[in-house]
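Take a look at the structure set out below.
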Amino acid sequence: RGPDGENFFLNDTLGLAHNRLSIVDLSKNGQQPFFSPDGYIPAMFNAEISAGSLLLPESRRLARLLRTKPSPEAWNAALYEDNLLQKKPATAKRQATLIRKRLETLDAEAWNLIADGEAEIASQLLLAAAIRHSSLLGEFLRTVYGPALLRLDAQLTPVVWESFLTDCAQQDPAVGRWAASTRTKLYQVGMRILAETKYLASTRQPLLTPPMLHPVVKQQLIRLGAQDTLKVMDFHR
């Protein structure tokens, strides 16, 4: 057997640790976590953002609910008995699960702004939450959207998205096994999120229109120690 190995990764949204007993793969190539070529992000992606875009009205309602620190029973009662989201049960469960995971990357102070703040602030904070929840979305902004701005590209296309997923599959082989329908849904939801936060003119006309981040949003991300998230959102720094 060869030498043992250990490594870790820690940023403002994620912590990963790995310890291995080197028996078959004795090289450094077996060292984990795996990273993208520039060392920026660990190779882990999921398709969970396909469950919904920013869902601002629903997120406002759930942010108010989370402020009450609901028990599991109170959470379920609000969703299914009171029909808080005004959705069918299966849809309510899917959207509430996604939104809660996103919101829980923030804290109560940010929830207050999402629940009752201006739409611009709430939407940008929800984008930050979506990025903190989904490394796929953050990596797209960093490696595709940002460089497209520098090249003065006019808009994004489905071809660009497919190329991005191909690159992701090199870091995380599971991406290459996603069904075509999943890949299409991810593109649609991703474009909708960027349009809802004014990074694109619209889903039908995906012209690049990077917005100015609201000062309150910047302050919140700095307060949360979310500099990595701020970096991939702010294209006017």
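Chain lettering (A, B, ...) mirrors the order of the structure tokens, residue numbering begins at 1 for each chain separately, and ligand numbering begins at 1 in order of display.
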Just list the residues in stretch 16-217 of chain A DSSP gives strand (DSSP E) on the backbone, as a VMD selection string.
-> chain A and resid 16 to 20
Residues of the last selection are to be written out with N, CA and C atoms, as a CSV table (one decimal), in the first residue's frame.
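File produced: result.csv:
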chain,number,residue,atom,x,y,z
A,16,LEU,N,-15.5,20.9,3.3
A,16,LEU,CA,-15.3,19.5,2.9
A,16,LEU,C,-14.0,19.0,3.5
A,17,ALA,N,-14.1,17.7,3.9
A,17,ALA,CA,-12.8,17.1,4.4
A,17,ALA,C,-12.7,15.7,3.8
A,18,HIS,N,-11.5,15.2,3.6
A,18,HIS,CA,-11.3,13.9,3.0
A,18,HIS,C,-10.1,13.2,3.6
A,19,ASN,N,-10.2,12.0,4.0
A,19,ASN,CA,-9.1,11.2,4.5
A,19,ASN,C,-9.1,9.9,3.8
A,20,ARG,N,-8.0,9.5,3.2
A,20,ARG,CA,-8.0,8.2,2.4
A,20,ARG,C,-6.9,7.3,2.8
Residue contacts of A:Leu156 (9 Å, only C-alpha atoms) excluding same-chain residues fewer than 5 positions away, as a list in words | Val144, Tyr145, Ala148, Trp161, Met191, Leu200, Gln205, Pro206, Leu207 and Leu208 of chain A
List as a tab-separated table (two decimals) with N, CA and C atoms, in the first residue's frame the protein and nucleic acid residues near A:Leu224, meaning an atom at most 8 Å away when only C-alpha atoms are counted, but skip any in the same chain fewer than 3 places from it.
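Now in selection26.tsv:
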chain	number	residue	atom	x	y	z
A	106	LEU	N	-28.53	32.02	4.53
A	106	LEU	CA	-28.48	33.39	5.04
A	106	LEU	C	-28.80	33.35	6.54
A	220	GLN	N	-24.81	43.22	3.43
A	220	GLN	CA	-25.25	41.95	4.00
A	220	GLN	C	-24.26	40.82	3.68
A	221	LEU	N	-23.79	40.77	2.45
A	221	LEU	CA	-22.87	39.70	2.07
A	221	LEU	C	-21.53	39.84	2.80
Determine the nearest neighbour of A:Gly146 from the options A:Arg60, A:Lys218, A:His133, A:His236, counting only C-alpha atoms.
->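 Closest residue, counting only C-alpha atoms: A:His236.
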Can you tell me, as an mmCIF file with N, CA and C atoms, in the first residue's frame, what residues are no more than 12 Å from A:Leu84 when counting only C-alpha atoms, ignoring any on the same chain fewer than 6 positions away?
data_model
loop_
_atom_site.group_PDB
_atom_site.id
_atom_site.type_symbol
_atom_site.label_atom_id
_atom_site.label_comp_id
_atom_site.auth_asym_id
_atom_site.auth_seq_id
_atom_site.Cartn_x
_atom_site.Cartn_y
_atom_site.Cartn_z
ATOM 1 N N PRO A 57 -42.332 35.857 -4.479
ATOM 2 C CA PRO A 57 -43.486 35.900 -3.556
ATOM 3 C C PRO A 57 -43.472 34.743 -2.554
ATOM 4 N N GLU A 58 -43.157 33.544 -3.049
ATOM 5 C CA GLU A 58 -43.110 32.378 -2.168
ATOM 6 C C GLU A 58 -41.983 32.499 -1.150
ATOM 7 N N SER A 59 -40.846 33.047 -1.592
ATOM 8 C CA SER A 59 -39.705 33.205 -0.681
ATOM 9 C C SER A 59 -40.002 34.222 0.411
ATOM 10 N N ARG A 60 -40.728 35.265 0.082
ATOM 11 C CA ARG A 60 -41.107 36.260 1.095
ATOM 12 C C ARG A 60 -41.953 35.590 2.187
ATOM 13 N N ARG A 61 -42.931 34.782 1.757
ATOM 14 C CA ARG A 61 -43.808 34.130 2.732
ATOM 15 C C ARG A 61 -43.030 33.162 3.620
ATOM 16 N N LEU A 62 -42.130 32.403 3.005
ATOM 17 C CA LEU A 62 -41.371 31.429 3.796
ATOM 18 C C LEU A 62 -40.333 32.105 4.690
ATOM 19 N N ALA A 63 -39.799 33.245 4.257
ATOM 20 C CA ALA A 63 -38.876 33.991 5.119
ATOM 21 C C ALA A 63 -39.604 34.458 6.374
ATOM 22 N N ARG A 64 -40.856 34.921 6.210
ATOM 23 C CA ARG A 64 -41.648 35.330 7.382
ATOM 24 C C ARG A 64 -41.908 34.140 8.297
ATOM 25 N N LEU A 65 -42.166 32.994 7.690
ATOM 26 C CA LEU A 65 -42.408 31.798 8.489
ATOM 27 C C LEU A 65 -41.153 31.371 9.242
ATOM 28 N N ALA A 74 -45.385 22.875 12.830
ATOM 29 C CA ALA A 74 -45.873 24.194 12.427
ATOM 30 C C ALA A 74 -45.541 24.472 10.968
ATOM 31 N N TRP A 75 -44.366 24.033 10.540
ATOM 32 C CA TRP A 75 -43.969 24.202 9.131
ATOM 33 C C TRP A 75 -44.945 23.471 8.213
ATOM 34 N N ASN A 76 -45.224 22.223 8.514
ATOM 35 C CA ASN A 76 -46.130 21.435 7.681
ATOM 36 C C ASN A 76 -47.550 21.984 7.714
ATOM 37 N N ALA A 77 -47.970 22.458 8.880
ATOM 38 C CA ALA A 77 -49.316 23.022 8.989
ATOM 39 C C ALA A 77 -49.453 24.262 8.117
ATOM 40 N N ALA A 78 -48.413 25.097 8.111
ATOM 41 C CA ALA A 78 -48.455 26.308 7.289
ATOM 42 C C ALA A 78 -48.511 25.964 5.802
ATOM 43 N N THR A 91 -46.358 20.404 -5.339
ATOM 44 C CA THR A 91 -45.606 21.593 -5.755
ATOM 45 C C THR A 91 -45.150 22.391 -4.544
ATOM 46 N N ALA A 92 -46.040 22.527 -3.558
ATOM 47 C CA ALA A 92 -45.677 23.259 -2.342
ATOM 48 C C ALA A 92 -44.491 22.602 -1.650
ATOM 49 N N LYS A 93 -44.500 21.288 -1.561
ATOM 50 C CA LYS A 93 -43.398 20.581 -0.909
ATOM 51 C C LYS A 93 -42.092 20.791 -1.666
ATOM 52 N N GLN A 95 -41.218 23.228 -3.841
ATOM 53 C CA GLN A 95 -40.740 24.606 -3.805
ATOM 54 C C GLN A 95 -40.300 25.015 -2.402
ATOM 55 N N ALA A 96 -41.047 24.597 -1.389
ATOM 56 C CA ALA A 96 -40.692 24.968 -0.019
ATOM 57 C C ALA A 96 -39.359 24.358 0.390
#
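Between atom CA of A:Asp234 and atom CA of A:Met212 there is a distance of 7.3 Å.
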Measuring atom to atom with only C-alpha atoms, identify which of A:Arg100, A:Lys231, A:Lys87, A:Leu136 is nearest to A:Leu186.
->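 Ranked by minimum distance to A:Leu186, first place goes to A:Leu136.
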As a PyMOL selection string, list the residues of stretch 188-217 of chain A assigned to helix (DSSP H, G or I) by DSSP on the backbone atoms of this structure.
-> chain A and resi 188-196+215-217
Output file for the residues above (N, CA, C and O atoms, as an mmCIF file, in the first residue's frame):
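What landed in selection28.cif:
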data_model
loop_
_atom_site.group_PDB
_atom_site.id
_atom_site.type_symbol
_atom_site.label_atom_id
_atom_site.label_comp_id
_atom_site.auth_asym_id
_atom_site.auth_seq_id
_atom_site.Cartn_x
_atom_site.Cartn_y
_atom_site.Cartn_z
ATOM 1 N N GLN A 188 -33.259 26.640 -18.685
ATOM 2 C CA GLN A 188 -34.435 27.499 -18.597
ATOM 3 C C GLN A 188 -34.524 28.205 -17.252
ATOM 4 O O GLN A 188 -34.772 29.417 -17.186
ATOM 5 N N VAL A 189 -34.315 27.447 -16.170
ATOM 6 C CA VAL A 189 -34.407 28.034 -14.832
ATOM 7 C C VAL A 189 -33.251 29.010 -14.599
ATOM 8 O O VAL A 189 -33.450 30.093 -14.028
ATOM 9 N N GLY A 190 -32.059 28.639 -15.027
ATOM 10 C CA GLY A 190 -30.913 29.525 -14.859
ATOM 11 C C GLY A 190 -31.110 30.850 -15.565
ATOM 12 O O GLY A 190 -30.832 31.921 -15.010
ATOM 13 N N MET A 191 -31.628 30.810 -16.805
ATOM 14 C CA MET A 191 -31.880 32.043 -17.540
ATOM 15 C C MET A 191 -32.981 32.862 -16.875
ATOM 16 O O MET A 191 -32.930 34.095 -16.834
ATOM 17 N N ARG A 192 -33.983 32.179 -16.320
ATOM 18 C CA ARG A 192 -35.061 32.893 -15.644
ATOM 19 C C ARG A 192 -34.544 33.604 -14.400
ATOM 20 O O ARG A 192 -34.902 34.749 -14.123
ATOM 21 N N ILE A 193 -33.666 32.935 -13.638
ATOM 22 C CA ILE A 193 -33.086 33.560 -12.450
ATOM 23 C C ILE A 193 -32.299 34.808 -12.840
ATOM 24 O O ILE A 193 -32.421 35.861 -12.204
ATOM 25 N N LEU A 194 -31.499 34.708 -13.889
ATOM 26 C CA LEU A 194 -30.687 35.852 -14.308
ATOM 27 C C LEU A 194 -31.551 36.978 -14.852
ATOM 28 O O LEU A 194 -31.226 38.161 -14.682
ATOM 29 N N ALA A 195 -32.662 36.646 -15.500
ATOM 30 C CA ALA A 195 -33.575 37.678 -15.985
ATOM 31 C C ALA A 195 -34.307 38.348 -14.825
ATOM 32 O O ALA A 195 -34.505 39.572 -14.820
ATOM 33 N N GLU A 196 -34.702 37.554 -13.838
ATOM 34 C CA GLU A 196 -35.423 38.103 -12.684
ATOM 35 C C GLU A 196 -34.563 39.066 -11.871
ATOM 36 O O GLU A 196 -35.091 39.965 -11.211
ATOM 37 N N PRO A 215 -26.387 48.655 -2.412
ATOM 38 C CA PRO A 215 -25.440 48.759 -1.288
ATOM 39 C C PRO A 215 -25.840 47.913 -0.079
ATOM 40 O O PRO A 215 -24.973 47.362 0.600
ATOM 41 N N VAL A 216 -27.134 47.792 0.165
ATOM 42 C CA VAL A 216 -27.591 46.977 1.295
ATOM 43 C C VAL A 216 -27.223 45.515 1.086
ATOM 44 O O VAL A 216 -26.825 44.818 2.025
ATOM 45 N N VAL A 217 -27.326 45.043 -0.146
ATOM 46 C CA VAL A 217 -26.974 43.656 -0.457
ATOM 47 C C VAL A 217 -25.476 43.446 -0.252
ATOM 48 O O VAL A 217 -25.054 42.444 0.335
#
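Comparing the minimum interatomic distances between A:Gln155 and each of A:Leu56, A:Thr209, A:Phe45, A:Thr229, counting only C-alpha atoms, we find that A:Thr209 sits nearest.
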Check the smallest atom-to-atom distance from each of A:Asp116, A:Pro147, A:Ser53, A:Pro72 to A:Arg102 using only C-alpha atoms, then report the winner.
-> A:Ser53
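Across the structure, atom CA of A:Lys185 and atom CA of A:Ala119 are spaced 25.3 Å apart.
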Excluding same-chain residues fewer than 6 positions from A:Ala180, what lies within 12 Å of it counting only C-alpha atoms, as a PyMOL selection string?
-> chain A and resi 162+165+186-187
Counting only C-alpha atoms, figure out which residue out of A:Ile131, A:Leu141, A:Ala115, A:Leu126 gets nearest to A:Leu55.
->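 Checking each of A:Ile131, A:Leu141, A:Ala115, A:Leu126 against A:Leu55, counting only C-alpha atoms, the winner is A:Leu126.
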